[in-house]
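Participant: Below is data-v1.cif; it holds mmCIF, C-alpha atoms.
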data_start
#
loop_
_atom_site.label_atom_id
_atom_site.label_comp_id
_atom_site.auth_asym_id
_atom_site.auth_seq_id
_atom_site.Cartn_x
_atom_site.Cartn_y
_atom_site.Cartn_z
CA MET A 26 0.00 0.00 0.00
CA PRO A 27 1.52 3.38 -1.03
CA SER A 28 2.39 5.78 1.76
CA VAL A 29 0.09 8.74 2.36
CA GLN A 30 1.81 12.12 2.58
CA GLU A 31 0.07 15.03 4.19
CA PRO A 32 -1.30 17.48 1.58
CA THR A 33 0.41 20.85 1.87
CA LEU A 34 0.26 24.18 0.10
CA THR A 35 3.31 26.49 0.20
CA LEU A 36 2.62 30.14 -0.49
CA ASP A 37 4.86 33.09 -1.29
CA SER A 38 4.31 36.46 -2.91
CA SER A 39 3.88 35.16 -6.47
CA ALA A 40 3.59 31.37 -6.39
CA ALA A 41 1.65 28.58 -4.76
CA THR A 42 3.16 25.10 -4.64
CA ALA A 43 1.12 22.03 -3.75
CA THR A 44 2.76 18.84 -2.53
CA GLY A 45 1.74 15.58 -0.88
CA THR A 46 -1.31 13.38 -1.45
CA TRP A 47 -4.43 15.28 -2.54
CA GLN A 48 -6.92 12.48 -2.15
CA VAL A 49 -9.99 12.22 0.03
CA HIS A 50 -8.48 9.92 2.65
CA ALA A 51 -5.47 12.22 3.05
CA LEU A 52 -7.58 15.37 3.15
CA ALA A 53 -9.67 13.85 5.94
CA LEU A 54 -6.67 13.31 8.21
CA GLY A 55 -6.34 15.72 11.11
CA GLY A 56 -7.02 19.33 10.20
CA ALA A 57 -5.70 19.14 6.65
CA MET A 58 -8.96 20.14 4.98
CA HIS A 59 -9.50 23.09 7.31
CA THR A 60 -5.94 24.34 6.82
CA LEU A 61 -5.98 24.03 3.04
CA THR A 62 -9.40 25.66 2.76
CA GLY A 63 -8.18 28.68 4.70
CA GLN A 64 -5.08 29.00 2.52
CA LEU A 65 -7.03 28.63 -0.72
CA ASN A 66 -9.62 31.22 0.34
CA SER A 67 -6.85 33.76 0.88
CA LEU A 68 -5.77 33.34 -2.79
CA LYS A 69 -9.16 33.74 -4.49
CA ASP A 70 -8.61 37.37 -5.48
CA LYS A 71 -4.97 36.93 -6.59
CA ALA A 72 -5.17 36.08 -10.32
CA HIS A 73 -1.37 36.62 -10.92
CA ILE A 74 -0.40 33.67 -8.70
CA GLN A 75 1.60 30.91 -10.41
CA TRP A 76 0.36 27.45 -9.47
CA ASP A 77 2.72 24.48 -9.37
CA LEU A 78 1.06 21.08 -8.85
CA THR A 79 3.96 18.93 -10.01
CA GLY A 80 4.84 18.10 -6.41
CA ILE A 81 1.55 16.26 -5.85
CA ASP A 82 2.28 12.53 -5.88
CA SER A 83 -1.41 11.46 -6.29
CA MET A 84 -4.72 13.25 -6.77
CA ASP A 85 -8.40 12.35 -7.07
CA HIS A 86 -11.51 14.27 -8.06
CA ILE A 87 -12.02 15.61 -4.52
CA GLY A 88 -8.60 17.22 -4.43
CA ALA A 89 -9.00 18.58 -7.96
CA GLN A 90 -12.41 20.02 -7.08
CA LEU A 91 -10.94 21.73 -4.02
CA LEU A 92 -8.40 23.54 -6.19
CA TRP A 93 -10.94 24.21 -8.94
CA ASN A 94 -13.28 25.99 -6.52
CA ALA A 95 -10.38 28.11 -5.24
CA TRP A 96 -9.61 29.15 -8.84
CA GLY A 97 -13.13 30.42 -9.34
CA LYS A 98 -13.97 27.42 -11.57
CA ALA A 99 -11.58 28.63 -14.26
CA ARG A 100 -8.05 27.51 -15.10
CA PRO A 101 -5.43 30.05 -13.90
CA ALA A 102 -3.14 31.70 -16.41
CA ALA A 103 0.05 30.19 -14.93
CA LEU A 104 -0.38 26.52 -14.09
CA ARG A 105 2.06 23.61 -14.05
CA LEU A 106 0.63 20.10 -13.86
CA ALA A 107 2.11 16.68 -13.34
CA PRO A 108 1.36 13.88 -15.83
CA GLY A 109 -2.15 12.50 -15.30
CA GLN A 110 -3.57 15.62 -13.65
CA GLU A 111 -4.74 17.22 -16.89
CA GLU A 112 -7.64 14.73 -17.17
CA PHE A 113 -9.17 15.84 -13.86
CA PHE A 114 -9.32 19.50 -14.82
CA LYS A 115 -10.55 18.80 -18.35
CA ARG A 116 -13.55 17.03 -16.85
CA LEU A 117 -14.15 19.89 -14.44
CA GLU A 118 -13.98 22.40 -17.30
CA ALA A 119 -16.47 20.35 -19.32
CA ALA A 120 -18.83 20.06 -16.37
CA GLY A 121 -18.57 23.78 -15.67
CA ASN A 122 -19.67 24.65 -19.18
CA LEU A 123 -22.91 22.69 -18.92
CA GLU A 124 -25.92 24.97 -18.93
CA LEU A 125 -29.32 23.79 -17.84
CA LYS A 126 -32.22 24.89 -19.93
CA ALA A 127 -34.45 27.39 -18.25
CA PRO A 128 -37.66 25.75 -17.06
CA ARG A 129 -40.60 26.44 -19.26
CA LYS A 130 -42.97 28.92 -17.71
CA GLN A 131 -46.37 27.51 -16.96
CA ARG A 132 -49.26 29.29 -18.59
CA LEU A 133 -52.67 29.65 -16.95
CA THR A 134 -51.39 28.03 -13.75
CA SER A 135 -54.37 29.08 -11.66
CA VAL A 136 -56.77 27.84 -14.34
CA MET A 137 -54.94 24.51 -14.49
CA VAL A 138 -55.06 24.11 -10.71
CA LEU A 139 -58.76 24.89 -10.71
CA GLY A 140 -59.31 22.41 -13.53
CA PHE A 141 -57.48 19.61 -11.75
CA ALA A 142 -59.44 20.38 -8.57
CA MET A 143 -62.71 20.17 -10.49
CA LEU A 144 -61.68 16.90 -12.12
CA LYS A 145 -60.78 15.49 -8.71
CA PHE A 146 -64.11 16.64 -7.29
CA PHE A 147 -66.09 15.00 -10.10
CA ALA A 148 -64.05 11.82 -9.72
CA HIS A 149 -65.01 11.70 -6.03
CA LEU A 150 -68.63 12.51 -6.90
CA ARG A 151 -68.72 9.71 -9.43
CA GLY A 152 -67.23 7.31 -6.88
CA VAL A 153 -69.80 8.28 -4.25
CA ILE A 154 -72.71 7.86 -6.70
CA SER A 155 -71.35 4.47 -7.72
CA LEU A 156 -71.01 3.49 -4.07
CA VAL A 157 -74.59 4.57 -3.27
CA GLY A 158 -75.87 2.54 -6.23
CA SER A 159 -73.90 -0.49 -5.11
CA VAL A 160 -75.23 -0.21 -1.54
CA THR A 161 -78.78 0.15 -2.86
CA GLN A 162 -78.40 -3.06 -4.88
CA ASP A 163 -76.95 -4.85 -1.86
CA ILE A 164 -79.88 -3.71 0.30
CA GLY A 165 -82.26 -5.18 -2.28
CA ARG A 166 -80.30 -8.42 -2.28
CA PHE A 167 -80.35 -8.47 1.52
CA ALA A 168 -84.12 -7.87 1.56
CA ARG A 169 -84.73 -10.75 -0.89
CA HIS A 170 -82.54 -13.23 0.99
CA PRO A 171 -82.33 -12.05 4.63
CA LEU A 172 -81.17 -15.42 5.94
CA ARG A 173 -78.05 -15.21 3.76
CA GLY A 174 -77.25 -11.67 4.87
CA PRO A 175 -74.07 -10.56 6.68
CA TRP A 176 -75.60 -10.73 10.15
CA ARG A 177 -72.29 -11.40 11.91
CA GLU A 178 -70.65 -8.39 10.27
CA ILE A 179 -73.63 -6.19 11.12
CA SER A 180 -73.57 -7.33 14.74
CA ALA A 181 -69.83 -6.72 15.06
CA ASN A 182 -70.07 -3.24 13.54
CA ILE A 183 -73.01 -2.33 15.78
CA TYR A 184 -70.97 -3.33 18.82
CA HIS A 185 -67.92 -1.30 17.72
CA ALA A 186 -69.90 1.79 16.67
CA GLY A 187 -72.51 1.73 19.44
CA PRO A 188 -71.71 0.36 22.91
CA GLN A 189 -68.01 1.18 22.66
CA ALA A 190 -68.85 4.81 21.91
CA LEU A 191 -71.13 5.31 24.94
CA GLY A 192 -68.34 6.56 27.19
CA ILE A 193 -67.01 9.39 25.03
CA THR A 194 -70.48 10.53 23.92
CA ALA A 195 -71.71 10.58 27.53
CA LEU A 196 -68.73 12.63 28.70
CA VAL A 197 -68.91 15.18 25.88
CA GLY A 198 -72.70 15.41 26.07
CA PHE A 199 -72.67 15.99 29.82
CA LEU A 200 -70.00 18.69 29.60
CA ILE A 201 -71.74 20.46 26.71
CA GLY A 202 -74.95 20.47 28.75
CA VAL A 203 -73.13 22.01 31.71
CA VAL A 204 -71.46 24.67 29.59
CA LEU A 205 -74.63 25.57 27.71
CA SER A 206 -76.67 25.75 30.89
CA TYR A 207 -74.17 28.02 32.66
CA LEU A 208 -73.89 30.40 29.73
CA SER A 209 -77.64 30.53 29.18
CA ALA A 210 -78.38 30.99 32.89
CA GLN A 211 -76.19 34.09 33.06
CA GLN A 212 -78.11 35.76 30.26
CA LEU A 213 -81.58 34.65 31.35
CA ARG A 214 -81.00 35.92 34.88
CA ASN A 215 -80.49 39.45 33.53
CA PHE A 216 -83.95 39.40 31.96
CA GLY A 217 -85.73 37.45 34.70
CA GLY A 218 -86.30 34.48 32.40
CA ASP A 219 -84.90 31.73 34.57
CA ILE A 220 -87.83 29.40 33.92
CA TYR A 221 -87.13 29.45 30.19
CA LEU A 222 -83.81 27.66 30.64
CA VAL A 223 -85.64 24.35 30.21
CA ASN A 224 -87.03 25.50 26.85
CA LEU A 225 -83.66 26.71 25.66
CA LEU A 226 -81.76 23.58 26.67
CA GLY A 227 -84.45 21.19 25.46
CA MET A 228 -84.80 22.72 22.00
CA SER A 229 -81.09 23.27 21.37
CA ILE A 230 -79.92 19.87 22.63
CA ILE A 231 -82.68 17.58 21.35
CA ARG A 232 -83.08 19.23 17.96
CA GLU A 233 -79.54 20.38 17.10
CA LEU A 234 -76.66 19.79 19.47
CA GLY A 235 -77.40 16.19 20.40
CA PRO A 236 -77.46 14.77 16.84
CA LEU A 237 -74.60 17.01 15.72
CA LEU A 238 -72.32 16.16 18.65
CA ALA A 239 -72.98 12.44 18.31
CA ALA A 240 -72.33 12.58 14.56
CA ILE A 241 -69.04 14.48 14.93
CA LEU A 242 -67.80 12.06 17.59
CA VAL A 243 -68.81 9.03 15.54
CA ALA A 244 -67.19 10.53 12.42
CA GLY A 245 -63.93 10.98 14.28
CA ARG A 246 -64.09 7.62 16.03
CA SER A 247 -65.94 5.09 13.88
CA GLY A 248 -65.45 6.87 10.54
CA SER A 249 -61.69 6.90 10.87
CA SER A 250 -61.76 3.28 12.04
CA ILE A 251 -63.74 2.20 8.97
CA THR A 252 -61.41 4.04 6.58
CA ALA A 253 -58.30 2.67 8.28
CA GLN A 254 -59.71 -0.87 8.27
CA LEU A 255 -60.45 -0.80 4.54
CA GLY A 256 -57.12 0.90 3.86
CA VAL A 257 -55.16 -1.77 5.72
CA MET A 258 -57.07 -4.42 3.81
CA ARG A 259 -55.97 -2.66 0.61
CA VAL A 260 -52.35 -2.50 1.78
CA THR A 261 -52.32 -6.18 2.78
CA GLU A 262 -54.15 -7.14 -0.45
CA GLU A 263 -57.09 -8.66 1.45
CA LEU A 264 -59.53 -6.80 -0.81
CA ASP A 265 -57.94 -8.37 -3.88
CA ALA A 266 -58.09 -11.78 -2.22
CA MET A 267 -61.82 -11.32 -1.57
CA LEU A 268 -62.42 -10.54 -5.23
CA VAL A 269 -60.46 -13.63 -6.26
CA MET A 270 -62.65 -15.75 -3.96
CA GLY A 271 -65.80 -14.15 -5.39
CA ILE A 272 -66.75 -12.28 -2.17
CA SER A 273 -68.43 -8.94 -2.78
CA HIS A 274 -66.84 -5.94 -1.07
CA GLY A 275 -70.15 -4.13 -0.90
CA PHE A 276 -72.20 -6.96 0.57
CA ARG A 277 -69.67 -8.10 3.18
CA LEU A 278 -67.83 -4.88 4.06
CA ILE A 279 -69.79 -1.76 3.13
CA LEU A 280 -73.42 -2.79 3.68
CA PRO A 281 -72.85 -3.99 7.29
CA LYS A 282 -71.16 -0.71 8.19
CA VAL A 283 -73.93 1.41 6.65
CA ILE A 284 -76.66 -0.57 8.41
CA ALA A 285 -74.75 -0.56 11.71
CA LEU A 286 -74.29 3.20 11.77
CA ALA A 287 -77.88 3.78 10.63
CA VAL A 288 -79.04 1.72 13.61
CA CYS A 289 -76.54 3.01 16.17
CA MET A 290 -76.70 6.71 15.46
CA PRO A 291 -80.33 7.31 16.58
CA LEU A 292 -79.58 5.38 19.77
CA LEU A 293 -76.42 7.38 20.35
CA VAL A 294 -78.40 10.57 19.74
CA ILE A 295 -80.84 9.57 22.48
CA TRP A 296 -77.96 8.75 24.79
CA THR A 297 -76.18 12.03 24.06
CA ASP A 298 -79.41 14.01 24.54
CA VAL A 299 -80.03 12.39 27.91
CA MET A 300 -76.51 13.02 29.17
CA ALA A 301 -76.50 16.63 27.91
CA LEU A 302 -79.88 17.29 29.56
CA ILE A 303 -78.63 15.76 32.80
CA GLY A 304 -75.59 18.04 32.68
CA GLY A 305 -77.83 21.03 31.99
CA MET A 306 -80.19 20.01 34.78
CA VAL A 307 -77.34 19.73 37.29
CA SER A 308 -75.95 23.09 36.23
CA ALA A 309 -79.42 24.71 36.40
CA ASN A 310 -79.88 23.39 39.91
CA VAL A 311 -76.55 24.86 41.01
CA GLU A 312 -76.77 28.18 39.14
CA LEU A 313 -80.51 28.99 39.16
CA HIS A 314 -81.71 26.63 41.91
CA LEU A 315 -84.16 24.94 39.54
CA SER A 316 -85.08 21.58 41.03
CA PRO A 317 -84.58 18.44 38.92
CA TYR A 318 -88.28 17.63 39.40
CA TYR A 319 -89.28 20.97 37.84
CA PHE A 320 -86.81 20.44 34.98
CA ILE A 321 -88.19 16.96 34.17
CA GLU A 322 -91.79 18.10 34.52
CA LYS A 323 -91.44 21.08 32.15
CA LEU A 324 -89.28 19.37 29.51
CA PRO A 325 -92.11 17.55 27.63
CA ASP A 326 -94.11 20.78 27.36
CA ALA A 327 -91.05 22.79 26.29
CA VAL A 328 -90.01 20.44 23.49
CA PRO A 329 -92.72 19.22 21.07
CA LEU A 330 -92.50 15.62 19.90
CA ALA A 331 -91.66 16.72 16.35
CA ASN A 332 -88.26 18.01 17.50
CA TYR A 333 -87.48 14.66 19.04
CA MET A 334 -88.36 12.86 15.80
CA ILE A 335 -86.29 15.31 13.76
CA GLY A 336 -83.31 14.60 16.00
CA LEU A 337 -83.68 10.84 15.53
CA GLY A 338 -84.07 11.28 11.78
CA LYS A 339 -80.93 13.37 11.70
CA GLY A 340 -79.07 10.65 13.56
CA ALA A 341 -80.02 7.96 11.04
CA VAL A 342 -79.11 10.15 8.05
CA PHE A 343 -75.83 11.25 9.64
CA GLY A 344 -74.91 7.63 10.32
CA VAL A 345 -75.48 6.61 6.69
CA LEU A 346 -73.49 9.60 5.41
CA ILE A 347 -70.55 8.91 7.75
CA ALA A 348 -70.44 5.25 6.70
CA LEU A 349 -70.58 6.09 2.98
CA VAL A 350 -67.86 8.73 3.21
CA ALA A 351 -65.62 6.48 5.30
CA CYS A 352 -66.05 3.53 2.94
CA HIS A 353 -65.53 5.74 -0.11
CA PHE A 354 -62.14 7.00 1.07
CA GLY A 355 -61.19 3.59 2.46
CA LEU A 356 -61.66 1.93 -0.93
CA ARG A 357 -59.66 4.68 -2.68
CA ILE A 358 -56.56 4.21 -0.52
CA LYS A 359 -53.51 3.03 -2.45
CA PRO A 360 -51.36 0.15 -1.15
CA ASN A 361 -48.86 2.30 0.77
CA THR A 362 -48.76 3.72 4.29
CA GLU A 363 -48.61 7.36 3.18
CA SER A 364 -51.89 7.04 1.30
CA LEU A 365 -53.39 5.27 4.33
CA GLY A 366 -52.65 8.17 6.68
CA ARG A 367 -53.71 10.84 4.20
CA GLY A 368 -56.91 8.98 3.30
CA THR A 369 -57.92 8.52 6.94
CA THR A 370 -57.41 12.21 7.70
CA THR A 371 -59.33 13.28 4.60
CA SER A 372 -62.14 10.88 5.46
CA VAL A 373 -62.67 12.34 8.93
CA VAL A 374 -62.57 15.95 7.72
CA THR A 375 -64.93 15.22 4.83
CA ALA A 376 -67.35 13.26 7.02
CA ILE A 377 -67.60 16.11 9.55
CA THR A 378 -68.09 18.63 6.74
CA VAL A 379 -70.80 16.52 5.12
CA VAL A 380 -72.56 16.14 8.48
CA ILE A 381 -72.59 19.91 9.04
CA LEU A 382 -73.89 20.49 5.50
CA ALA A 383 -76.62 17.91 6.03
CA ASP A 384 -77.55 19.59 9.33
CA ALA A 385 -77.91 22.90 7.50
CA VAL A 386 -80.18 21.23 4.94
CA PHE A 387 -82.32 19.80 7.77
CA ALA A 388 -82.56 23.26 9.35
CA ILE A 389 -83.84 24.73 6.06
CA LEU A 390 -86.25 21.92 5.24
CA PHE A 391 -87.80 21.73 8.73
CA ASN A 392 -87.70 25.44 9.47
CA GLY A 393 -91.38 25.65 10.37
CA VAL A 394 -91.74 22.26 12.10
CA GLY A 395 -91.66 21.67 15.84
CA TYR A 396 -92.36 25.18 17.17
#
Output the structure of this file as C-alpha cells.
Facilitator:
Amino acid sequence: MPSVQEPTLTLDSSAATATGTWQVHALALGGAMHTLTGQLNSLKDKAHIQWDLTGIDSMDHIGAQLLWNAWGKARPAALRLAPGQEEFFKRLEAAGNLELKAPRKQRLTSVMVLGFAMLKFFAHLRGVISLVGSVTQDIGRFARHPLRGPWREISANIYHAGPQALGITALVGFLIGVVLSYLSAQQLRNFGGDIYLVNLLGMSIIRELGPLLAAILVAGRSGSSITAQLGVMRVTEELDAMLVMGISHGFRLILPKVIALAVCMPLLVIWTDVMALIGGMVSANVELHLSPYYFIEKLPDAVPLANYMIGLGKGAVFGVLIALVACHFGLRIKPNTESLGRGTTTSVVTAITVVILADAVFAILFNGVGY
C-alpha cells in the first residue's frame, strides 16, 4: 500500500506550490482540509499567482475540485501540472460549461389548478354515486334473501360503533350540557327568564346539538376506524383476495357498516341528549336553583314531539353519510402507508363537513316544524 503524505500548500508572494497526497483519505486526516481551505480562500482574489502542482504525488476528483473551486472554476493563467492531472481539470472544465435549460414557464397556472381540482371533485362525486348505487343493490339483495345476509358483520359493527362509543359521547354530552346551561343561565338571569332555561336547553340539545355532537364524535371515532380498516385491507391485499374468492366488497364490508351506523346513530343521539340534559339540569340546579323535578316536569311541554323525531331522523341520516364517506375514502386508498394516513385524515374531515352540511339542509327543510 503506497504511503500517504500530508497534503500541503506552500505560499509566497507570487507562487503557490502544492505537494503531498491530494486524495480524500489524506484530506480527511487531522485538520488538513481546514488548513488548506483557509489557505485557498486567501488566494481567491490573486489572479497573478503561479500554481505548481507537479509536487503532488497522487490526486483524485475531490482534491482537484478543491483547487478548482479556489480558482473560481476557471483555469489560472500560470499553471504547471504533473502527468495525469490534466484529465481531472478537463472534466471539471467540461462540467462547468454545462448549462441547464431554463424551465418552461407555466401558462394559466391558476386555471390549471382549478381544472385539476374540479376533475378530482367530479371523480369523487362519481365514486360516491357508484357506491350509493352499489349499496342500494346490496340492500335489495339483503331484503330478498335475509337469511343469507351478513348478520355477523352487522352485529360486530353495531358493537364497535354503538356500545363502545357510549363513554365518550356521555362525557362530551354531559360537559356540553353544563357549559350551555351556565352560559344561558347568566343571560336569562339578567332578563328574569330563569324558567325558560328548560325550553332553551331542550330545543337546542334535542333538535340540534345532540345529533350534531354524536355525529361528529362518531365521524372521528368510527369513521376513521372504517377508513383505516379498509385501507389496511388494501395494503395487505385482502380486498384483492376477496375478489379472487368471489366475495363482494359491498355486501360483506360496506353494507354492514352502513346498516350498523344507521341503527346506532339514533340510539347514540338519544344517549347524548339524555346526558346533555342531565348536565344542563345539574348546572341549572346549582346556578338557578331549579329543582330536577321541575326540569323533568317542564321538559315535555317545552319540546314538542316533532323536534325529538327530527333529532332521531338526523341521527339515522348522519350515520349513513358517515359510513358512505368512510367507505368511499377507504376503498380509494392506495397500497402504501402514506396514502393510508392521508386517506384517513381526509375521510374524517370530509365526514364532519358533510354532516354539518346535512344539518344545515335539515334546518332549512324543517324550518317551520316543531315550534
Participant: Please expand the PyMOL selection byres ((chain A and resi 222) around 12) into the concrete residues it hits in this file, giving the result as an mmCIF file with C-alpha atoms, keeping the file's coordinate frame.
Facilitator:
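Listing of result-v6.cif after writing:
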data_model
loop_
_atom_site.group_PDB
_atom_site.id
_atom_site.type_symbol
_atom_site.label_atom_id
_atom_site.label_comp_id
_atom_site.auth_asym_id
_atom_site.auth_seq_id
_atom_site.Cartn_x
_atom_site.Cartn_y
_atom_site.Cartn_z
ATOM 1 C CA GLY A 202 -74.950 20.470 28.750
ATOM 2 C CA LEU A 205 -74.630 25.570 27.710
ATOM 3 C CA SER A 206 -76.670 25.750 30.890
ATOM 4 C CA TYR A 207 -74.170 28.020 32.660
ATOM 5 C CA LEU A 208 -73.890 30.400 29.730
ATOM 6 C CA SER A 209 -77.640 30.530 29.180
ATOM 7 C CA ALA A 210 -78.380 30.990 32.890
ATOM 8 C CA GLN A 211 -76.190 34.090 33.060
ATOM 9 C CA GLN A 212 -78.110 35.760 30.260
ATOM 10 C CA LEU A 213 -81.580 34.650 31.350
ATOM 11 C CA ARG A 214 -81.000 35.920 34.880
ATOM 12 C CA PHE A 216 -83.950 39.400 31.960
ATOM 13 C CA GLY A 217 -85.730 37.450 34.700
ATOM 14 C CA GLY A 218 -86.300 34.480 32.400
ATOM 15 C CA ASP A 219 -84.900 31.730 34.570
ATOM 16 C CA ILE A 220 -87.830 29.400 33.920
ATOM 17 C CA TYR A 221 -87.130 29.450 30.190
ATOM 18 C CA VAL A 223 -85.640 24.350 30.210
ATOM 19 C CA ASN A 224 -87.030 25.500 26.850
ATOM 20 C CA LEU A 225 -83.660 26.710 25.660
ATOM 21 C CA LEU A 226 -81.760 23.580 26.670
ATOM 22 C CA GLY A 227 -84.450 21.190 25.460
ATOM 23 C CA MET A 228 -84.800 22.720 22.000
ATOM 24 C CA SER A 229 -81.090 23.270 21.370
ATOM 25 C CA ILE A 230 -79.920 19.870 22.630
ATOM 26 C CA LEU A 302 -79.880 17.290 29.560
ATOM 27 C CA GLY A 305 -77.830 21.030 31.990
ATOM 28 C CA MET A 306 -80.190 20.010 34.780
ATOM 29 C CA SER A 308 -75.950 23.090 36.230
ATOM 30 C CA ALA A 309 -79.420 24.710 36.400
ATOM 31 C CA ASN A 310 -79.880 23.390 39.910
ATOM 32 C CA GLU A 312 -76.770 28.180 39.140
ATOM 33 C CA LEU A 313 -80.510 28.990 39.160
ATOM 34 C CA HIS A 314 -81.710 26.630 41.910
ATOM 35 C CA LEU A 315 -84.160 24.940 39.540
ATOM 36 C CA TYR A 319 -89.280 20.970 37.840
ATOM 37 C CA PHE A 320 -86.810 20.440 34.980
ATOM 38 C CA LYS A 323 -91.440 21.080 32.150
ATOM 39 C CA LEU A 324 -89.280 19.370 29.510
ATOM 40 C CA ALA A 327 -91.050 22.790 26.290
ATOM 41 C CA VAL A 328 -90.010 20.440 23.490
#
Participant: Figure out the distance between CA of Ala186 in chain A and CA of Ile231 in chain A, please, to one decimal in Å.
Facilitator: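 One can read the CA of Ile231 in chain A to CA of Ala186 in chain A distance as 20.8 Å.
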Participant: My list of candidates is A:Ala51, A:Val350, A:Met137, A:Leu264. Which is closest to Thr370 in chain A when distances are computed with only C-alpha atoms?
Facilitator: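 Checking each candidate against Thr370 in chain A, we get A:Val350 as the closest.
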Participant: The centre and edge lengths of an axis-aligned box containing all atoms of range 181-195 of chain A present in the file, extended by 5 Å on each side, are to be given in Å to one decimal, as AutoDock Vina command-line options.
Facilitator:
--center_x -70.0 --center_y 1.9 --center_z 20.5 --size_x 16.0 --size_y 27.3 --size_z 24.0
Participant: Excluding Ser67 in chain A and residues on its chain fewer than 4 positions from it, collect all residues at most 12 Å away from it, counting all atoms listed in the file, and give them as an mmCIF file with C-alpha atoms, in the coordinates of the input.
Facilitator:
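Wrote it out as result_19.cif, contents follow:
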data_model
loop_
_atom_site.group_PDB
_atom_site.id
_atom_site.type_symbol
_atom_site.label_atom_id
_atom_site.label_comp_id
_atom_site.auth_asym_id
_atom_site.auth_seq_id
_atom_site.Cartn_x
_atom_site.Cartn_y
_atom_site.Cartn_z
ATOM 1 C CA LEU A 34 0.260 24.180 0.100
ATOM 2 C CA LEU A 36 2.620 30.140 -0.490
ATOM 3 C CA ASP A 37 4.860 33.090 -1.290
ATOM 4 C CA ALA A 41 1.650 28.580 -4.760
ATOM 5 C CA THR A 60 -5.940 24.340 6.820
ATOM 6 C CA LEU A 61 -5.980 24.030 3.040
ATOM 7 C CA THR A 62 -9.400 25.660 2.760
ATOM 8 C CA GLY A 63 -8.180 28.680 4.700
ATOM 9 C CA LYS A 71 -4.970 36.930 -6.590
ATOM 10 C CA ALA A 72 -5.170 36.080 -10.320
ATOM 11 C CA ILE A 74 -0.400 33.670 -8.700
ATOM 12 C CA ALA A 95 -10.380 28.110 -5.240
ATOM 13 C CA TRP A 96 -9.610 29.150 -8.840
#
Participant: Please work out which residues fall within 8 Å of (-73.9, 17.0, 30.1), coordinates as given in the file, with all atoms listed in the file counting, and return them as a PyMOL selection string.
Facilitator: chain A and resi 195-203+299-305
Participant: With a distance cut-off of 12 Å and all atoms listed in the file, select the neighbouring residues of Arg277 in chain A, excluding the residue or stretch itself and same-chain residues fewer than 6 positions from it, and output the selection as an mmCIF file with C-alpha atoms, keeping the file's coordinate frame.
Facilitator:
data_model
loop_
_atom_site.group_PDB
_atom_site.id
_atom_site.type_symbol
_atom_site.label_atom_id
_atom_site.label_comp_id
_atom_site.auth_asym_id
_atom_site.auth_seq_id
_atom_site.Cartn_x
_atom_site.Cartn_y
_atom_site.Cartn_z
ATOM 1 C CA VAL A 160 -75.230 -0.210 -1.540
ATOM 2 C CA ASP A 163 -76.950 -4.850 -1.860
ATOM 3 C CA ILE A 164 -79.880 -3.710 0.300
ATOM 4 C CA ARG A 166 -80.300 -8.420 -2.280
ATOM 5 C CA PHE A 167 -80.350 -8.470 1.520
ATOM 6 C CA ARG A 173 -78.050 -15.210 3.760
ATOM 7 C CA GLY A 174 -77.250 -11.670 4.870
ATOM 8 C CA PRO A 175 -74.070 -10.560 6.680
ATOM 9 C CA TRP A 176 -75.600 -10.730 10.150
ATOM 10 C CA ARG A 177 -72.290 -11.400 11.910
ATOM 11 C CA GLU A 178 -70.650 -8.390 10.270
ATOM 12 C CA ILE A 179 -73.630 -6.190 11.120
ATOM 13 C CA ALA A 181 -69.830 -6.720 15.060
ATOM 14 C CA ASN A 182 -70.070 -3.240 13.540
ATOM 15 C CA LEU A 255 -60.450 -0.800 4.540
ATOM 16 C CA LEU A 264 -59.530 -6.800 -0.810
ATOM 17 C CA MET A 267 -61.820 -11.320 -1.570
ATOM 18 C CA LEU A 268 -62.420 -10.540 -5.230
ATOM 19 C CA GLY A 271 -65.800 -14.150 -5.390
ATOM 20 C CA VAL A 283 -73.930 1.410 6.650
ATOM 21 C CA ILE A 284 -76.660 -0.570 8.410
#
Participant: Can you measure CA of Ser364 in chain A to CA of Leu139 in chain A for me? One decimal in Å is fine.
Facilitator: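 CA of Leu139 in chain A lies at a distance of 22.6 Å from CA of Ser364 in chain A.
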Participant: Rounded to one decimal place, report the CA of Ile251 in chain A-CA of Ile279 in chain A distance in Å.
Facilitator: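 If I compute the distance from CA of Ile251 in chain A to CA of Ile279 in chain A, I get 9.3 Å.
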